[in-house]
Every structure is written in structure tokens, then in C-alpha cells.
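> Handing you a structure now.
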Amino acid sequence: MQQSRTTEIVTGAFVLFGFAALFFLVTQITNKEFTAGGAGYSLLANFENIGSLKVGAPVSMSGVTVGRVESISYDMQQYKAVVSMHIDAKYNRIPDDSDASIMTAGLLGGQYIGVTAGGSDQYFKEGGKFAIVQDALVLENLINQLVASFAGKKSDSAEETKK
Amino acid sequence: MFKALTKLLGNAVAAFGAITWFLLRILSQVPRALLRPGLVIHQIHNAGALSLVIIMTCGLFVGMVLGLQGYDMLERFGSESSLGSAAALALVKELGPVVAALLFAGRAGTALASEIGLMRATDQLVAMEIMAVDPFRHVVAPRFLGGVIALPLLTMIFIAIGIFGVQLVGVQQLGVDQGTFWSQMRGSVEVDDVMQGLIKGCVFGVACSLIAVYEGYVAEPTAEGVGRATTRTVVNSAVMTLILDYMITAVML
């Protein structure tokens, strides 16, 4: 019976491993929050529209990732999206008049927050808030504007030819 | 010509009938087989735990090649940040279940078929019947159950290791941002997608195990017959897996 005892242990380990893999797949790769780890501080920014920005998206300055989006919520008082960012502790000299804008990596890529340094000699501290923000570019709005401007031009030229 | 065709068709239908009867006979013995879990555990060990190394190695390399190819392809559109979601969806919904089932048929299915076929060839099954021991209860049903339980678990392990492989190449080597990789993946993979992979794993497990034990059981009791049964197991399992894969995808998408 000794051999069957080893078999049982190996089988048990295999089954547990299989369920651990299933658990990993369900909890880790499906829609769950990405926790930004490490020492650092949080910054806030209010956006009219965040597009498809997701928790865990990078916060970058001049293309260098300095932090992560920590949480996204909606402020019912101001009717704006509130994005909380976790900035790495070593980037502690971000001027407090810097601006944050939501940008897209590539044509169809994920969205991230780009921070451009301002000129102030005061630096952001824990809980600081970006005063100058730029919303995500919504492609539909852009196309609408483009169509509208083309349509406007056309009717203008049509009127001109009438004259 | 027409006669030959009808005969061929008749044979195919008869084979389906025979395999369905075989499945019903197994299912009737499943409760009794579960009363003696020792046999089933032994078969899960044979079909599952012993396939672990090949499943994990192949999963890692399938994931890594997916990372390379996916990155190269997505980079042409400037959207390599979607690598996580593209690779994870491909692995969870298609590659994981199908490749795991094909490997399972090659590694465990052939072992099952040749084992039962040899039992038939050496008259062990007949001896059991003479001793009033039902070979379905003691030989066929435990092996079938072992395969059915093992393949979904192997599929999940394959997918998890595969995603690790994608991450290894995409993030560590090619420099896709780690947070983008995971958040894009999480943004697009739903729990339903994982469940679809799991359901496919279960269905392929039933199909591959059934084909393996059936081919072994009906094998000609010669060395050549056992060899042919092993070949047929791999071929039929692979074809059946791909056909079923299309059907399940069409139904569940």
C-alpha cells in the first residue's frame, strides 16, 4: 500500500495545482484591480472624460513611467471622474502646477496619463491635486467635429457659387 | 460505387452507435467506480500528474511564441500594448484547451488505449469476466473518469503557464509595460471566457478519454491490433477535438 500512498500524494498535489491555476486565471487575469505597490504618494486629478483609462495604467513624465493609476471613481458633486495616481517615492519633485492629460499609446493602444512638469518651485505632496488637466481624446467627437466642419465649408461654398 | 458509399456510411453510423453504447455502459458503472476512489485516484495520477511536465513545458513555449508573434504583429499597428489581452484571450479560449487536449491524447490517450488493448490481447479482460468481475467497473470506468477529471485541470495549468510565458517574452524581454500588459488583459478577459476554456477542457476530456478507452477495448487482440488502436486513438482524438472545438465556439460565442 506504500506505493499507492505516494500516488495519492502526487495526485493530490496535481489536483490542487490545477485548482490553483483556475483560481489564478479567474482572479488575476479577469477584471480585477491592479495594486500599485512600493513606497510613494497619491495624487488626484479630475477629468471630464477619461476615455478608456484603466486602473493600473502608467503615469508617465516625458515617457518615463513614474507611477500608476490607483483608482478611478466618479464625483457626484462635481460630475467629474476622479483619478487617483500612485507616484513612486523617488519622483518627489513634481512641481504643483504641472498638468495631467490622458493620452493614447499608439493608434489603438492603451491609455495612460502624461504629466508635463510646470515651473513652480512648490512640489506636490501626498493627496495633491492637478489643477490643469486635459481630457481623453474621444475619437467619435473628433470625427463629428471634422464632419461638421466639412459640411459647413460645403454649404458656404455652395452659397458662394449661388452668388 | 453507390454500394461502397452506403457501406462506408453505414460503418460510420455503426461506429457512432457502438461508441455511444460504450459510453452508456461506462456511465452506468461510474457511481460504482466512484465508490472505490483508489482506482480513480490512480488513474488521475497516470493521466494527469504524469502529463504535467509535458503540459507545462509546452504551455510555456506556446506562451512565449505567442508573445513574440503577437508583439511582432501588433507592433505593425502600433498597438503592442494590447499584447496582454490578445494573447490571454487566444490562450484562454482556443489555444489552451485545444493544445492541451492534443497533448493529452498523445501522452495519456495512447497509454490508456495500449494498456486496455494489451489487457484484451493477454486475455486479462476475459479472465475478469470469468471471475465475475466487471471489467467496465474495474478497468474502463476508472480510466475514463481519470481522464475526464485530469484534462480540465491540465488545461487550466497550461493556460496559466502560457500567460506566464507571454509575460516573460512580452514584458521582460520585449519591453511591453507591465501595468499596461496586466490592465489591458484584465480589461478584456471576462470570467465567462475562462469558463468557456474550462467547459472546452471538460468536453475534450470526455471525448479524448472515451475514444482512448473505446479503441483499447475493441482493439484486435494482437500486437499489431494494439498498435493500430493507439494510432487510431491519436488520430480520432485530434479530429474530434478540432470538430468539437468549432461546435462549442459556434454555440458559445
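By order of appearance in the C-alpha cells: chains A, B, ..., then residues from 1 within every chain, and ligands from 1 in the order shown.
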Pick out the residues sitting within 12 Å of A:Ile94, and hand them over as number ranges by chain; count only C-alpha atoms, and ignore anything fewer than 6 positions along from it in its own chain.
A: 41, 43, 60-61, 66-67, 87-88, 100, 115-126, 128-130
> Hey, what's within 8 Å of stretch 26-39 of chain B if we count only C-alpha atoms and toss same-chain stuff fewer than 4 positions away? As a list in words, please?
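Everything that qualifies: Phe22, Gln43, Phe136, Arg137, His138, Val140, Ala141, Pro142, Phe144 and Leu145 of chain B.
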> Could you check which of A:Gly56, A:Ala105, A:Gly12, A:Ser98 is closest to B:Glu75, using only C-alpha atoms?
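Between A:Gly56, A:Ala105, A:Gly12, A:Ser98, the residue approaching B:Glu75 most closely is A:Ala105.
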> What's around stretch 3-11 of chain A at 7 Å? Count only C-alpha atoms, leave out sequence neighbours fewer than 5 positions away in its own chain, and write the answer as a list in words.
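In the requested form, the answer reads Ile41, His42, Ile44, His45 and Ala49 of chain B.
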> Restricted to C-alpha atoms, what would the selected residues look like written as a PDB file, in the first residue's frame?

ATOM      1  CA  ILE B  41      -7.084   8.358  -7.986  1.00  0.00           C
ATOM      2  CA  HIS B  42      -4.545   6.006  -9.513  1.00  0.00           C
ATOM      3  CA  ILE B  44      -5.851  10.639 -12.291  1.00  0.00           C
ATOM      4  CA  HIS B  45      -2.222  10.135 -11.325  1.00  0.00           C
ATOM      5  CA  ALA B  49       0.097  14.088 -12.778  1.00  0.00           C
TER       6      ALA B  49
END
> Where does DSSP see alpha helix (DSSP H) in stretch 33-199 of chain B, if you list the residues as a ChimeraX atom specification?
/B:33-35,37-47,52-75,83-90,96-104,110-121,124-130,135,141-167,178-188,191-199
> Please return, as an mmCIF file with C-alpha atoms, in the first residue's frame, all residues of chain B lying within 6 Å of chain A when only C-alpha atoms are considered.

data_model
loop_
_atom_site.group_PDB
_atom_site.id
_atom_site.type_symbol
_atom_site.label_atom_id
_atom_site.label_comp_id
_atom_site.auth_asym_id
_atom_site.auth_seq_id
_atom_site.Cartn_x
_atom_site.Cartn_y
_atom_site.Cartn_z
ATOM 1 C CA HIS B 45 -2.222 10.135 -11.325
ATOM 2 C CA ALA B 49 0.097 14.088 -12.778
ATOM 3 C CA GLY B 78 1.500 50.440 -33.179
ATOM 4 C CA SER B 79 -0.670 48.725 -30.611
ATOM 5 C CA SER B 81 0.201 47.463 -25.586
ATOM 6 C CA LEU B 153 -7.094 20.688 -14.664
ATOM 7 C CA MET B 156 -6.027 25.417 -16.625
ATOM 8 C CA ILE B 157 -2.376 24.741 -15.793
ATOM 9 C CA ALA B 160 -1.693 29.793 -16.559
ATOM 10 C CA GLY B 179 0.943 47.581 -15.833
ATOM 11 C CA THR B 180 -0.438 48.072 -19.351
ATOM 12 C CA SER B 183 -4.555 46.026 -17.031
ATOM 13 C CA ARG B 186 -7.923 42.368 -17.133
ATOM 14 C CA GLY B 187 -9.935 44.870 -19.100
ATOM 15 C CA VAL B 189 -10.839 38.937 -20.300
ATOM 16 C CA GLU B 190 -14.101 38.114 -18.544
ATOM 17 C CA VAL B 191 -14.778 35.288 -16.115
#
> Kindly give the distance, in Å, that separates atom CA of B:Met185 and atom CA of B:Gly84, rounded to a single decimal.
4.8 Å
> Between atom CA of A:Ile102 and atom CA of A:Ala136, what distance in Å does the model show, to one decimal?
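So the answer is 4.9 Å.
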> Would you work out the distance separating atom CA of B:Ile116 from atom CA of B:Gly216, expressed in Å to one decimal?
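Spanning atom CA of B:Ile116 to atom CA of B:Gly216 is a straight-line distance of 4.9 Å.
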> Name the closest residue to B:Thr241 among the candidates B:Val98, B:Ile161, B:Ala113, B:Leu103; distances are taken between atoms, counting only C-alpha atoms.
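Result for the nearest residue to B:Thr241: B:Val98.
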> Enumerate, as a CSV table (one decimal) with N, CA and C atoms, in the first residue's frame, the complete set of residues in chain A that a backbone-based DSSP assignment places in strand (DSSP E or B).

chain,number,residue,atom,x,y,z
A,40,GLY,N,5.5,55.5,-1.9
A,40,GLY,CA,5.2,56.6,-2.8
A,40,GLY,C,4.1,57.4,-2.2
A,41,TYR,N,3.5,58.2,-3.0
A,41,TYR,CA,2.4,59.1,-2.6
A,41,TYR,C,1.3,59.2,-3.7
A,42,SER,N,0.1,59.6,-3.2
A,42,SER,CA,-1.0,59.7,-4.1
A,42,SER,C,-1.3,61.1,-4.6
A,43,LEU,N,-1.6,61.2,-5.9
A,43,LEU,CA,-2.1,62.5,-6.5
A,43,LEU,C,-3.4,62.3,-7.1
A,44,LEU,N,-4.2,63.4,-7.1
A,44,LEU,CA,-5.6,63.3,-7.7
A,44,LEU,C,-5.7,64.2,-8.9
A,45,ALA,N,-6.6,63.8,-9.7
A,45,ALA,CA,-6.9,64.7,-10.9
A,45,ALA,C,-8.4,64.5,-11.3
A,46,ASN,N,-9.1,65.6,-11.6
A,46,ASN,CA,-10.5,65.4,-12.0
A,46,ASN,C,-10.5,65.6,-13.6
A,47,PHE,N,-11.2,64.7,-14.2
A,47,PHE,CA,-11.3,64.8,-15.7
A,47,PHE,C,-12.8,64.8,-16.0
A,58,PRO,N,-0.1,53.3,-16.7
A,58,PRO,CA,1.0,54.0,-16.3
A,58,PRO,C,0.8,55.6,-16.2
A,59,VAL,N,1.5,56.2,-15.3
A,59,VAL,CA,1.5,57.7,-15.3
A,59,VAL,C,3.0,58.0,-15.7
A,60,SER,N,3.1,58.8,-16.8
A,60,SER,CA,4.4,59.0,-17.3
A,60,SER,C,4.8,60.5,-17.4
A,61,MET,N,6.1,60.7,-17.2
A,61,MET,CA,6.6,62.1,-17.5
A,61,MET,C,7.7,62.0,-18.5
A,64,VAL,N,8.7,58.5,-19.3
A,64,VAL,CA,9.2,57.7,-18.2
A,64,VAL,C,8.1,57.4,-17.3
A,65,THR,N,7.9,56.1,-17.0
A,65,THR,CA,6.8,55.7,-16.1
A,65,THR,C,7.2,56.1,-14.6
A,66,VAL,N,6.4,57.0,-14.0
A,66,VAL,CA,6.7,57.5,-12.7
A,66,VAL,C,5.7,56.9,-11.7
A,67,GLY,N,4.6,56.4,-12.1
A,67,GLY,CA,3.6,55.9,-11.2
A,67,GLY,C,2.5,55.1,-12.0
A,68,ARG,N,1.4,54.8,-11.2
A,68,ARG,CA,0.3,54.0,-11.8
A,68,ARG,C,-1.0,54.6,-11.4
A,69,VAL,N,-2.0,54.4,-12.2
A,69,VAL,CA,-3.3,54.8,-11.8
A,69,VAL,C,-3.8,53.8,-10.7
A,70,GLU,N,-4.2,54.4,-9.6
A,70,GLU,CA,-4.5,53.6,-8.4
A,70,GLU,C,-6.0,53.3,-8.4
A,71,SER,N,-6.8,54.3,-8.6
A,71,SER,CA,-8.3,54.0,-8.6
A,71,SER,C,-9.0,55.1,-9.4
A,72,ILE,N,-10.1,54.7,-9.9
A,72,ILE,CA,-10.9,55.6,-10.7
A,72,ILE,C,-12.3,55.7,-10.1
A,73,SER,N,-12.8,56.8,-9.8
A,73,SER,CA,-14.2,56.9,-9.3
A,73,SER,C,-14.9,58.1,-9.9
A,74,TYR,N,-16.1,58.3,-9.5
A,74,TYR,CA,-16.9,59.4,-10.1
A,74,TYR,C,-17.4,60.3,-9.0
A,75,ASP,N,-17.2,61.6,-9.1
A,75,ASP,CA,-17.6,62.6,-8.1
A,75,ASP,C,-19.0,63.1,-8.4
A,80,LYS,N,-17.6,64.8,-12.2
A,80,LYS,CA,-16.3,64.6,-12.9
A,80,LYS,C,-15.7,63.3,-12.5
A,81,ALA,N,-14.9,62.7,-13.3
A,81,ALA,CA,-14.2,61.5,-13.0
A,81,ALA,C,-13.0,61.8,-12.1
A,82,VAL,N,-12.8,61.1,-11.0
A,82,VAL,CA,-11.7,61.3,-10.1
A,82,VAL,C,-10.7,60.2,-10.3
A,83,VAL,N,-9.5,60.6,-10.7
A,83,VAL,CA,-8.5,59.6,-10.9
A,83,VAL,C,-7.4,59.7,-9.9
A,84,SER,N,-7.1,58.7,-9.1
A,84,SER,CA,-6.1,58.7,-8.1
A,84,SER,C,-4.9,58.0,-8.6
A,85,MET,N,-3.7,58.6,-8.5
A,85,MET,CA,-2.5,58.1,-9.0
A,85,MET,C,-1.5,57.8,-7.9
A,86,HIS,N,-0.8,56.7,-8.0
A,86,HIS,CA,0.2,56.3,-7.1
A,86,HIS,C,1.6,56.7,-7.7
A,87,ILE,N,2.3,57.7,-7.2
A,87,ILE,CA,3.6,58.1,-7.7
A,87,ILE,C,4.7,57.5,-6.9
A,88,ASP,N,5.7,57.0,-7.6
A,88,ASP,CA,6.8,56.4,-6.9
A,88,ASP,C,7.5,57.4,-6.0
A,95,PRO,N,6.5,69.6,-9.8
A,95,PRO,CA,6.0,70.9,-9.5
A,95,PRO,C,4.5,70.9,-9.3
A,99,ASP,N,0.7,69.8,-15.3
A,99,ASP,CA,-0.6,69.4,-15.8
A,99,ASP,C,-0.6,67.9,-16.2
A,100,ALA,N,-1.8,67.3,-16.1
A,100,ALA,CA,-2.0,65.9,-16.4
A,100,ALA,C,-2.9,65.8,-17.6
A,101,SER,N,-2.6,65.0,-18.5
A,101,SER,CA,-3.5,64.7,-19.6
A,101,SER,C,-3.6,63.3,-20.0
A,102,ILE,N,-4.7,62.8,-20.5
A,102,ILE,CA,-4.9,61.4,-20.8
A,102,ILE,C,-4.5,61.2,-22.3
A,103,MET,N,-3.5,60.4,-22.5
A,103,MET,CA,-3.0,60.2,-23.9
A,103,MET,C,-3.2,58.7,-24.3
A,104,THR,N,-3.1,58.5,-25.5
A,104,THR,CA,-3.2,57.1,-26.0
A,104,THR,C,-1.9,56.6,-26.6
A,111,GLN,N,-4.6,53.6,-22.9
A,111,GLN,CA,-4.5,55.0,-22.5
A,111,GLN,C,-3.6,55.1,-21.2
A,112,TYR,N,-2.9,56.2,-21.1
A,112,TYR,CA,-2.1,56.5,-19.9
A,112,TYR,C,-2.2,57.9,-19.6
A,113,ILE,N,-1.6,58.3,-18.5
A,113,ILE,CA,-1.7,59.7,-18.1
A,113,ILE,C,-0.3,60.3,-18.3
A,114,GLY,N,-0.2,61.3,-19.1
A,114,GLY,CA,1.0,62.0,-19.3
A,114,GLY,C,1.1,63.3,-18.4
A,115,VAL,N,2.2,63.4,-17.7
A,115,VAL,CA,2.3,64.6,-16.8
A,115,VAL,C,3.4,65.5,-17.4
A,116,THR,N,3.1,66.7,-17.6
A,116,THR,CA,4.1,67.7,-18.1
A,116,THR,C,4.5,68.6,-16.9
A,123,TYR,N,6.4,71.7,-4.6
A,123,TYR,CA,6.3,70.3,-5.1
A,123,TYR,C,5.0,69.7,-4.6
A,128,GLY,N,-2.1,65.7,-3.3
A,128,GLY,CA,-2.1,66.8,-4.2
A,128,GLY,C,-3.0,66.7,-5.3
A,129,LYS,N,-3.5,67.8,-5.9
A,129,LYS,CA,-4.4,67.7,-7.0
A,129,LYS,C,-4.0,68.5,-8.2
A,132,ILE,N,-4.5,71.7,-13.7
A,132,ILE,CA,-4.6,71.8,-15.2
A,132,ILE,C,-4.7,70.4,-15.7
A,133,VAL,N,-5.8,70.0,-16.3
A,133,VAL,CA,-5.9,68.7,-16.8
A,133,VAL,C,-6.4,68.7,-18.3
A,134,GLN,N,-6.2,67.7,-19.0
A,134,GLN,CA,-6.7,67.6,-20.4
A,134,GLN,C,-7.4,66.2,-20.5
> Dump as JSON lines the rows for residues of stretch 181-203 of chain B within 12 Å of stretch 242-251 of chain B: closest atom pair and distance in Å with one decimal, only C-alpha atoms counted, ordered by chain and rising residue number.

{"residue": "B:Asp193", "atom": "CA", "partner": "B:Thr249", "partner_atom": "CA", "distance": 11.0}
{"residue": "B:Gln196", "atom": "CA", "partner": "B:Thr249", "partner_atom": "CA", "distance": 8.6}
{"residue": "B:Gly197", "atom": "CA", "partner": "B:Thr249", "partner_atom": "CA", "distance": 10.0}
{"residue": "B:Leu198", "atom": "CA", "partner": "B:Ile248", "partner_atom": "CA", "distance": 11.7}
{"residue": "B:Ile199", "atom": "CA", "partner": "B:Ile248", "partner_atom": "CA", "distance": 8.9}
{"residue": "B:Lys200", "atom": "CA", "partner": "B:Asp245", "partner_atom": "CA", "distance": 7.2}
{"residue": "B:Gly201", "atom": "CA", "partner": "B:Asp245", "partner_atom": "CA", "distance": 9.9}
{"residue": "B:Cys202", "atom": "CA", "partner": "B:Leu244", "partner_atom": "CA", "distance": 11.5}
{"residue": "B:Val203", "atom": "CA", "partner": "B:Leu244", "partner_atom": "CA", "distance": 8.1}
> Filtering to C-alpha atoms, could you give me those residues as a short mmCIF file (atom, residue, chain, number, x, y, z; two decimals), in the first residue's frame?

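So the final result, stored in out_0.cif, reads:
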data_model
loop_
_atom_site.label_atom_id
_atom_site.label_comp_id
_atom_site.auth_asym_id
_atom_site.auth_seq_id
_atom_site.Cartn_x
_atom_site.Cartn_y
_atom_site.Cartn_z
CA ASP B 193 -14.04 33.48 -21.13
CA GLN B 196 -15.55 28.76 -21.79
CA GLY B 197 -12.00 27.42 -21.65
CA LEU B 198 -12.96 25.21 -18.71
CA ILE B 199 -16.05 23.86 -20.49
CA LYS B 200 -13.96 23.09 -23.56
CA GLY B 201 -11.46 21.29 -21.34
CA CYS B 202 -14.26 19.16 -19.83
CA VAL B 203 -15.80 18.29 -23.23
#
> Quick one: everything within 10 Å of B:Ala121, counting only C-alpha atoms, minus sequence neighbours fewer than 6 positions away in the same chain. Send it as a compact mmCIF listing (two decimals) with C-alpha atoms, in the first residue's frame.

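Done, and the output landed in result-v1.txt:
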# COMPACT_ATOMS: atom_id res chain seq x y z
CA SER B 114 -2.45 0.40 -25.36
CA GLU B 115 -2.93 -0.62 -21.72
CA GLY B 216 -8.30 -0.01 -26.48
CA TYR B 217 -11.33 -2.10 -25.57
CA ALA B 219 -8.63 -3.49 -30.30
CA GLU B 220 -7.77 -6.69 -32.11
CA PRO B 221 -6.03 -8.96 -29.59
CA THR B 222 -2.72 -8.94 -31.45
CA ALA B 223 0.42 -6.84 -31.19
CA GLY B 225 -4.05 -4.57 -33.33
CA VAL B 226 -2.87 -2.77 -30.21
